[in-house]
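Student: File structure39.cif follows (mmCIF, C-alpha atoms):
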```cif
data_protein
#
loop_
_atom_site.label_atom_id
_atom_site.label_comp_id
_atom_site.auth_asym_id
_atom_site.auth_seq_id
_atom_site.Cartn_x
_atom_site.Cartn_y
_atom_site.Cartn_z
CA MET G 1 0.00 0.00 0.00
CA ALA G 2 1.51 3.31 -1.04
CA ARG G 3 1.56 5.90 1.70
CA VAL G 4 1.40 9.62 1.23
CA THR G 5 4.05 11.55 3.14
CA GLY G 6 4.82 15.20 3.57
CA ARG G 7 2.57 18.20 3.15
CA ALA G 8 1.35 19.65 -0.09
CA PRO G 9 2.12 23.34 -0.63
CA GLY G 10 -0.45 25.44 1.19
CA GLU G 11 -1.77 22.48 3.20
CA PRO G 12 -1.74 23.43 6.89
CA PHE G 13 -2.03 19.86 8.17
CA GLY G 14 -0.26 16.63 7.32
CA PRO G 15 -1.60 13.79 5.16
CA GLY G 16 -3.00 11.95 8.18
CA PHE G 17 -5.33 14.81 8.96
CA ALA G 18 -6.34 15.06 5.29
CA LEU G 19 -7.23 11.35 5.34
CA PHE G 20 -9.22 11.92 8.54
CA ALA G 21 -11.12 14.77 6.85
CA ASP G 22 -11.75 12.54 3.82
CA MET G 23 -13.11 9.84 6.12
CA LEU G 24 -15.51 12.29 7.80
CA LEU G 25 -16.70 13.67 4.43
CA ALA G 26 -17.24 10.12 3.16
CA GLY G 27 -19.21 9.38 6.32
CA LEU G 28 -21.51 12.34 5.81
CA LEU G 29 -22.00 11.56 2.12
CA THR G 30 -22.72 7.91 2.95
CA THR G 31 -25.28 8.92 5.57
CA VAL G 32 -27.08 11.14 3.05
CA ALA G 33 -26.90 8.51 0.31
CA ALA G 34 -28.18 5.79 2.67
CA VAL G 35 -31.37 7.63 3.64
CA PRO G 36 -33.52 5.64 1.15
CA VAL G 37 -32.30 2.42 2.94
CA VAL G 38 -32.13 0.38 -0.29
CA THR G 39 -29.01 2.34 -1.23
CA VAL G 40 -27.07 1.41 1.94
CA PRO G 41 -24.83 -1.23 0.28
CA ALA G 42 -24.07 1.01 -2.70
CA ALA G 43 -23.39 4.00 -0.42
CA PHE G 44 -20.92 2.00 1.70
CA ALA G 45 -19.29 0.57 -1.43
CA ALA G 46 -18.83 4.07 -2.84
CA ALA G 47 -17.38 5.30 0.47
CA SER G 48 -15.02 2.34 0.66
CA ALA G 49 -13.81 2.88 -2.91
CA SER G 50 -13.34 6.60 -2.30
CA LEU G 51 -11.39 6.02 0.90
CA ARG G 52 -9.31 3.24 -0.68
CA GLU G 53 -8.23 5.68 -3.38
CA SER G 54 -7.58 8.38 -0.77
CA ALA G 55 -5.44 6.03 1.34
CA THR G 56 -3.40 4.60 -1.53
CA GLY G 57 -3.16 7.40 -4.07
CA GLY G 58 -3.67 10.51 -2.05
CA ALA G 59 -6.70 11.62 -4.09
CA HIS G 60 -9.06 13.46 -1.77
CA VAL G 61 -12.71 12.50 -1.41
CA THR G 62 -14.96 14.91 -3.29
CA VAL G 63 -18.72 15.08 -3.60
CA ALA G 64 -18.50 14.63 -7.39
CA GLY G 65 -16.16 11.64 -7.10
CA TYR G 66 -18.34 10.03 -4.46
CA ALA G 67 -21.48 10.60 -6.56
CA ARG G 68 -19.77 9.03 -9.59
CA ARG G 69 -18.80 5.94 -7.57
CA LEU G 70 -22.28 5.75 -6.05
CA ARG G 71 -23.94 5.79 -9.49
CA ALA G 72 -21.59 3.04 -10.66
CA ARG G 73 -22.51 0.87 -7.66
CA LEU G 74 -26.27 1.36 -7.84
CA THR G 75 -26.91 -1.97 -9.53
CA PRO G 76 -29.88 -4.32 -9.22
CA GLY G 77 -27.76 -6.54 -6.95
CA THR G 78 -26.91 -3.81 -4.48
CA LEU G 79 -30.51 -2.57 -4.49
CA ALA G 80 -31.71 -6.13 -3.76
CA ALA G 81 -29.21 -6.34 -0.90
CA GLY G 82 -30.56 -3.01 0.32
CA LEU G 83 -34.09 -4.47 0.32
CA ALA G 84 -32.86 -7.42 2.39
CA LEU G 85 -31.54 -5.13 5.15
CA PRO G 86 -34.95 -4.13 6.59
CA LEU G 87 -36.04 -7.76 6.43
CA LEU G 88 -32.99 -8.91 8.39
CA ALA G 89 -33.47 -6.09 10.90
CA GLY G 90 -37.12 -7.12 11.31
CA VAL G 91 -36.19 -10.74 11.96
CA LEU G 92 -33.60 -9.69 14.53
CA LEU G 93 -36.10 -7.38 16.26
CA VAL G 94 -38.73 -10.14 16.43
CA ASP G 95 -36.13 -12.54 17.84
CA LEU G 96 -35.05 -9.90 20.36
CA ALA G 97 -38.68 -9.40 21.42
CA LEU G 98 -39.02 -13.16 21.92
CA VAL G 99 -35.83 -13.21 24.01
CA ARG G 100 -37.15 -10.37 26.20
CA ALA G 101 -40.43 -12.23 26.68
CA GLY G 102 -38.54 -14.74 28.81
CA LEU G 103 -39.19 -17.81 26.74
CA PRO G 104 -37.12 -20.91 27.49
CA GLY G 105 -33.68 -20.68 25.93
CA ALA G 106 -33.53 -16.89 26.11
CA GLY G 107 -30.21 -17.04 27.97
CA VAL G 108 -28.62 -18.85 25.03
CA MET G 109 -30.44 -16.97 22.31
CA ALA G 110 -29.45 -13.44 23.42
CA PRO G 111 -25.68 -13.91 22.92
CA ALA G 112 -26.36 -15.86 19.73
CA LEU G 113 -28.35 -12.93 18.33
CA VAL G 114 -25.55 -10.50 19.21
CA LEU G 115 -22.97 -12.73 17.49
CA LEU G 116 -25.25 -13.20 14.49
CA ALA G 117 -25.77 -9.45 14.08
CA LEU G 118 -22.04 -8.77 14.55
CA GLY G 119 -21.14 -11.44 12.01
CA ALA G 120 -23.70 -10.17 9.48
CA LEU G 121 -22.44 -6.59 9.79
CA THR G 122 -18.81 -7.69 9.49
CA VAL G 123 -19.42 -9.84 6.41
CA GLY G 124 -21.58 -7.10 4.92
CA LEU G 125 -18.80 -4.55 5.34
CA ARG G 126 -16.31 -6.95 3.76
CA ALA G 127 -18.73 -7.46 0.87
CA VAL G 128 -19.08 -3.76 0.09
CA ALA G 129 -15.35 -3.08 0.53
CA SER G 130 -14.43 -5.40 -2.31
CA PRO G 131 -12.93 -3.52 -5.24
CA TYR G 132 -14.53 -6.05 -7.61
CA GLY G 133 -18.09 -5.28 -6.54
CA PRO G 134 -20.17 -6.43 -3.57
CA SER G 135 -20.46 -10.19 -3.25
CA VAL G 136 -21.56 -12.03 -0.12
CA ARG G 137 -19.95 -15.29 -1.29
CA THR G 138 -16.59 -13.56 -1.80
CA ALA G 139 -16.96 -11.76 1.53
CA LEU G 140 -17.62 -15.03 3.36
CA HIS G 141 -14.59 -16.60 1.68
CA ARG G 142 -12.37 -13.61 2.54
CA SER G 143 -13.71 -13.51 6.11
CA ALA G 144 -12.86 -17.16 6.66
CA GLY G 145 -9.48 -16.80 4.92
CA ASP G 146 -8.43 -13.73 6.93
CA PRO G 147 -9.57 -14.24 10.55
CA ARG G 148 -7.38 -11.40 11.89
CA GLY G 149 -8.87 -8.94 9.42
CA THR G 150 -12.36 -10.17 10.26
CA LEU G 151 -11.65 -9.70 13.96
CA LEU G 152 -10.36 -6.17 13.31
CA LEU G 153 -13.50 -5.34 11.36
CA ALA G 154 -15.72 -6.86 14.06
CA CYS G 155 -13.93 -4.67 16.62
CA ALA G 156 -14.60 -1.61 14.43
CA VAL G 157 -18.30 -2.53 14.31
CA LEU G 158 -18.40 -2.98 18.10
CA LEU G 159 -16.68 0.37 18.61
CA ALA G 160 -19.19 2.04 16.28
CA VAL G 161 -22.07 0.51 18.26
CA LEU G 162 -20.54 1.73 21.53
CA LEU G 163 -20.10 5.21 20.07
CA VAL G 164 -23.72 5.30 18.91
CA TRP G 165 -24.81 4.24 22.38
CA ALA G 166 -22.58 6.79 24.15
CA ILE G 167 -22.77 9.74 21.73
CA PRO G 168 -25.78 9.44 19.39
CA LEU G 169 -24.82 12.70 17.64
CA LEU G 170 -21.95 10.82 15.94
CA VAL G 171 -24.33 8.66 13.90
CA PRO G 172 -23.99 10.74 10.68
CA LEU G 173 -20.18 10.46 10.81
CA LEU G 174 -19.79 6.76 11.67
CA PRO G 175 -20.28 5.30 8.18
CA GLY G 176 -16.97 6.93 7.18
CA PRO G 177 -14.82 5.16 9.78
CA LEU G 178 -16.62 1.87 9.14
CA ALA G 179 -16.08 2.12 5.37
CA PHE G 180 -12.47 3.14 5.99
CA ALA G 181 -11.94 0.15 8.31
CA ALA G 182 -13.39 -2.18 5.67
CA ALA G 183 -11.20 -0.69 2.94
CA VAL G 184 -8.04 -0.84 5.05
CA VAL G 185 -8.68 -4.43 6.14
CA ASP G 186 -9.15 -5.32 2.48
CA LEU G 187 -5.94 -3.49 1.51
CA ARG G 188 -4.09 -5.17 4.38
CA SER G 189 -5.16 -8.65 3.29
CA ALA G 190 -4.25 -7.82 -0.34
CA ASP G 191 -0.77 -6.73 0.83
CA GLU G 192 -0.34 -9.98 2.78
CA ARG G 193 -1.34 -12.04 -0.27
CA ALA G 194 1.18 -10.18 -2.47
#
```
Starting from the file, lay out its structure as structure tokens.
Tutor:
Amino acid sequence: MARVTGRAPGEPFGPGFALFADMLLAGLLTTVAAVPVVTVPAAFAAASASLRESATGGAHVTVAGYARRLRARLTPGTLAAGLALPLLAGVLLVDLALVRAGLPGAGVMAPALVLLALGALTVGLRAVASPYGPSVRTALHRSAGDPRGTLLLACAVLLAVLLVWAIPLLVPLLPGPLAFAAAVVDLRSADERA
């Protein structure tokens, strides 16, 4: 992975701060693009591609560049995946309601639901971070083949959940760090394969 070093003329901060600003802009753009819910996978894929380019080539995230990547990723497959998200959330909410009702097995089911949701979010992030287009099958294969990267991404998801719980005002910014984590884990595993 190529790293950008030094400051550009007229840039008051170093490249790390510029990458941080790119991540926050990508987070805001992803939040806006994900409002229709069915566009969530495409929005995260566009953010991941934008941040991958920012991290490797030093090209800053722009609204026009993000919009171009978003249009390219708005395919029938990503829209179908976006339709599946509310269904999965509904199933998890029904299961959670059953666990809270105190039915037998609730003590086992509660941690299983947490692990299931964490695993689904982690695999979903790996799917949208793929430079070859979102694919759940590829994401499952890469998750199993790179357990350290999967653990890192699961920790990023847990941290995002904790931040939402502690500081709900951060919700519009959190898609950026999650997309960045997915892109960097993907870049890291590509570097290890090379």
Student: Please provide the set of residues having any atom within 8 Å of region 72-78 of chain G, restricted to all atoms listed in the file, with same-chain residues fewer than 5 positions apart removed, written as a compact mmCIF listing (two decimals) with C-alpha atoms, in the coordinates of the input.
Tutor:
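Saved to around23.txt:
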```
# COMPACT_ATOMS: atom_id res chain seq x y z
CA VAL G 38 -32.13 0.38 -0.29
CA THR G 39 -29.01 2.34 -1.23
CA PRO G 41 -24.83 -1.23 0.28
CA ALA G 42 -24.07 1.01 -2.70
CA ALA G 43 -23.39 4.00 -0.42
CA ALA G 45 -19.29 0.57 -1.43
CA ALA G 46 -18.83 4.07 -2.84
CA GLY G 133 -18.09 -5.28 -6.54
CA PRO G 134 -20.17 -6.43 -3.57
```
Student: Have a look at CA of Arg148 (chain G) and CA of Arg52 (chain G) and let me know their distance in Å, one decimal.
Tutor: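 Going from CA of Arg148 (chain G) over to CA of Arg52 (chain G) covers 19.4 Å.
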Student: Rounded to one decimal in Å, what is the spacing between CA of Cys155 (chain G) and CA of Ala183 (chain G)?
Tutor: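 Answer for the CA of Cys155 (chain G) to CA of Ala183 (chain G) separation: 14.5 Å.
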Student: Please measure the separation of CA of Val114 (chain G) and CA of Leu79 (chain G), giving the value in Å to one decimal.
Tutor: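 Result for CA of Val114 (chain G) versus CA of Leu79 (chain G): 25.5 Å, one decimal.
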Student: Where does the PyMOL selection byres ((chain G and resi 185) around 9) land in this file, that is, which residues does it pick, as a PDB file with C-alpha atoms, in the coordinates of the input?
Tutor:
```pdb
ATOM      1  CA  ARG G 126     -16.310  -6.950   3.760  1.00  0.00           C
ATOM      2  CA  ALA G 129     -15.350  -3.080   0.530  1.00  0.00           C
ATOM      3  CA  GLY G 149      -8.870  -8.940   9.420  1.00  0.00           C
ATOM      4  CA  THR G 150     -12.360 -10.170  10.260  1.00  0.00           C
ATOM      5  CA  LEU G 152     -10.360  -6.170  13.310  1.00  0.00           C
ATOM      6  CA  LEU G 153     -13.500  -5.340  11.360  1.00  0.00           C
ATOM      7  CA  PHE G 180     -12.470   3.140   5.990  1.00  0.00           C
ATOM      8  CA  ALA G 181     -11.940   0.150   8.310  1.00  0.00           C
ATOM      9  CA  ALA G 182     -13.390  -2.180   5.670  1.00  0.00           C
ATOM     10  CA  ALA G 183     -11.200  -0.690   2.940  1.00  0.00           C
ATOM     11  CA  VAL G 184      -8.040  -0.840   5.050  1.00  0.00           C
ATOM     12  CA  ASP G 186      -9.150  -5.320   2.480  1.00  0.00           C
ATOM     13  CA  LEU G 187      -5.940  -3.490   1.510  1.00  0.00           C
ATOM     14  CA  ARG G 188      -4.090  -5.170   4.380  1.00  0.00           C
ATOM     15  CA  SER G 189      -5.160  -8.650   3.290  1.00  0.00           C
ATOM     16  CA  ALA G 190      -4.250  -7.820  -0.340  1.00  0.00           C
TER      17      ALA G 190
END
```
Student: Looking at G:Leu163, G:Leu118, G:Ala139, G:Val94, which one is nearest to Leu151 (chain G), with distances taken over only C-alpha atoms?
Tutor: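 Closest residue, counting only C-alpha atoms: G:Leu118.
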Student: Quick one: axis-aligned box around all listed atoms of region 178-189 of chain G, 6 Å on every side, centre and edge lengths in Å to one decimal, written as lines of an AutoDock Vina configuration file.
Tutor:
```
center_x = -10.4
center_y = -2.8
center_z = 5.3
size_x = 24.5
size_y = 23.8
size_z = 19.6
```
Student: I need the residue nearest Ser48 (chain G) from this list: G:Pro131, G:Pro104, G:Gly119, G:Pro147. Use only C-alpha atoms for the distance.
Tutor: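 Selected residue with least distance to Ser48 (chain G): G:Pro131.
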Student: Taking all atoms listed in the file into account, which of G:Ala49, G:Leu85, G:Leu113, G:Leu19 comes nearest Ala34 (chain G)?
Tutor: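 Looking at the shortest contact to Ala34 (chain G), the residue is G:Leu85.
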Student: From the list G:Gly27, G:Gly124, G:Gly107, G:Pro36, which residue is nearest Val171 (chain G) when using all atoms listed in the file?
Tutor: G:Gly27
Student: Quick check on the file I pasted: which residues fall under the PyMOL selection byres ((chain G and resi 31) around 12)? Write them as JSON, numbers by chain.
Tutor: {"G": [24, 25, 26, 27, 28, 29, 30, 32, 33, 34, 35, 36, 37, 39, 40, 41, 42, 43, 44, 46, 47, 170, 171, 172, 173, 174, 175, 176, 177, 178, 179]}
Student: So that I have them on file, write out the residues from the current selection with C-alpha atoms, as a compact mmCIF listing (two decimals), in the frame of the given file.
Tutor:
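So part.txt came out as:
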```txt
# COMPACT_ATOMS: atom_id res chain seq x y z
CA LEU G 24 -15.51 12.29 7.80
CA LEU G 25 -16.70 13.67 4.43
CA ALA G 26 -17.24 10.12 3.16
CA GLY G 27 -19.21 9.38 6.32
CA LEU G 28 -21.51 12.34 5.81
CA LEU G 29 -22.00 11.56 2.12
CA THR G 30 -22.72 7.91 2.95
CA VAL G 32 -27.08 11.14 3.05
CA ALA G 33 -26.90 8.51 0.31
CA ALA G 34 -28.18 5.79 2.67
CA VAL G 35 -31.37 7.63 3.64
CA PRO G 36 -33.52 5.64 1.15
CA VAL G 37 -32.30 2.42 2.94
CA THR G 39 -29.01 2.34 -1.23
CA VAL G 40 -27.07 1.41 1.94
CA PRO G 41 -24.83 -1.23 0.28
CA ALA G 42 -24.07 1.01 -2.70
CA ALA G 43 -23.39 4.00 -0.42
CA PHE G 44 -20.92 2.00 1.70
CA ALA G 46 -18.83 4.07 -2.84
CA ALA G 47 -17.38 5.30 0.47
CA LEU G 170 -21.95 10.82 15.94
CA VAL G 171 -24.33 8.66 13.90
CA PRO G 172 -23.99 10.74 10.68
CA LEU G 173 -20.18 10.46 10.81
CA LEU G 174 -19.79 6.76 11.67
CA PRO G 175 -20.28 5.30 8.18
CA GLY G 176 -16.97 6.93 7.18
CA PRO G 177 -14.82 5.16 9.78
CA LEU G 178 -16.62 1.87 9.14
CA ALA G 179 -16.08 2.12 5.37
```
Student: Would you please work out which residue, of G:Ser50, G:Val136, G:Ala18, G:Leu162, is nearest to Leu70 (chain G) when using all atoms listed in the file?
Tutor: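 Result for the nearest residue to Leu70 (chain G): G:Ser50.
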Student: May I have the residues within 12 Å of Ala110 (chain G) as a ChimeraX atom specification, using only C-alpha atoms and disregarding those fewer than 2 positions away in the same chain?
Tutor: /G:92-93,95-108,112-117
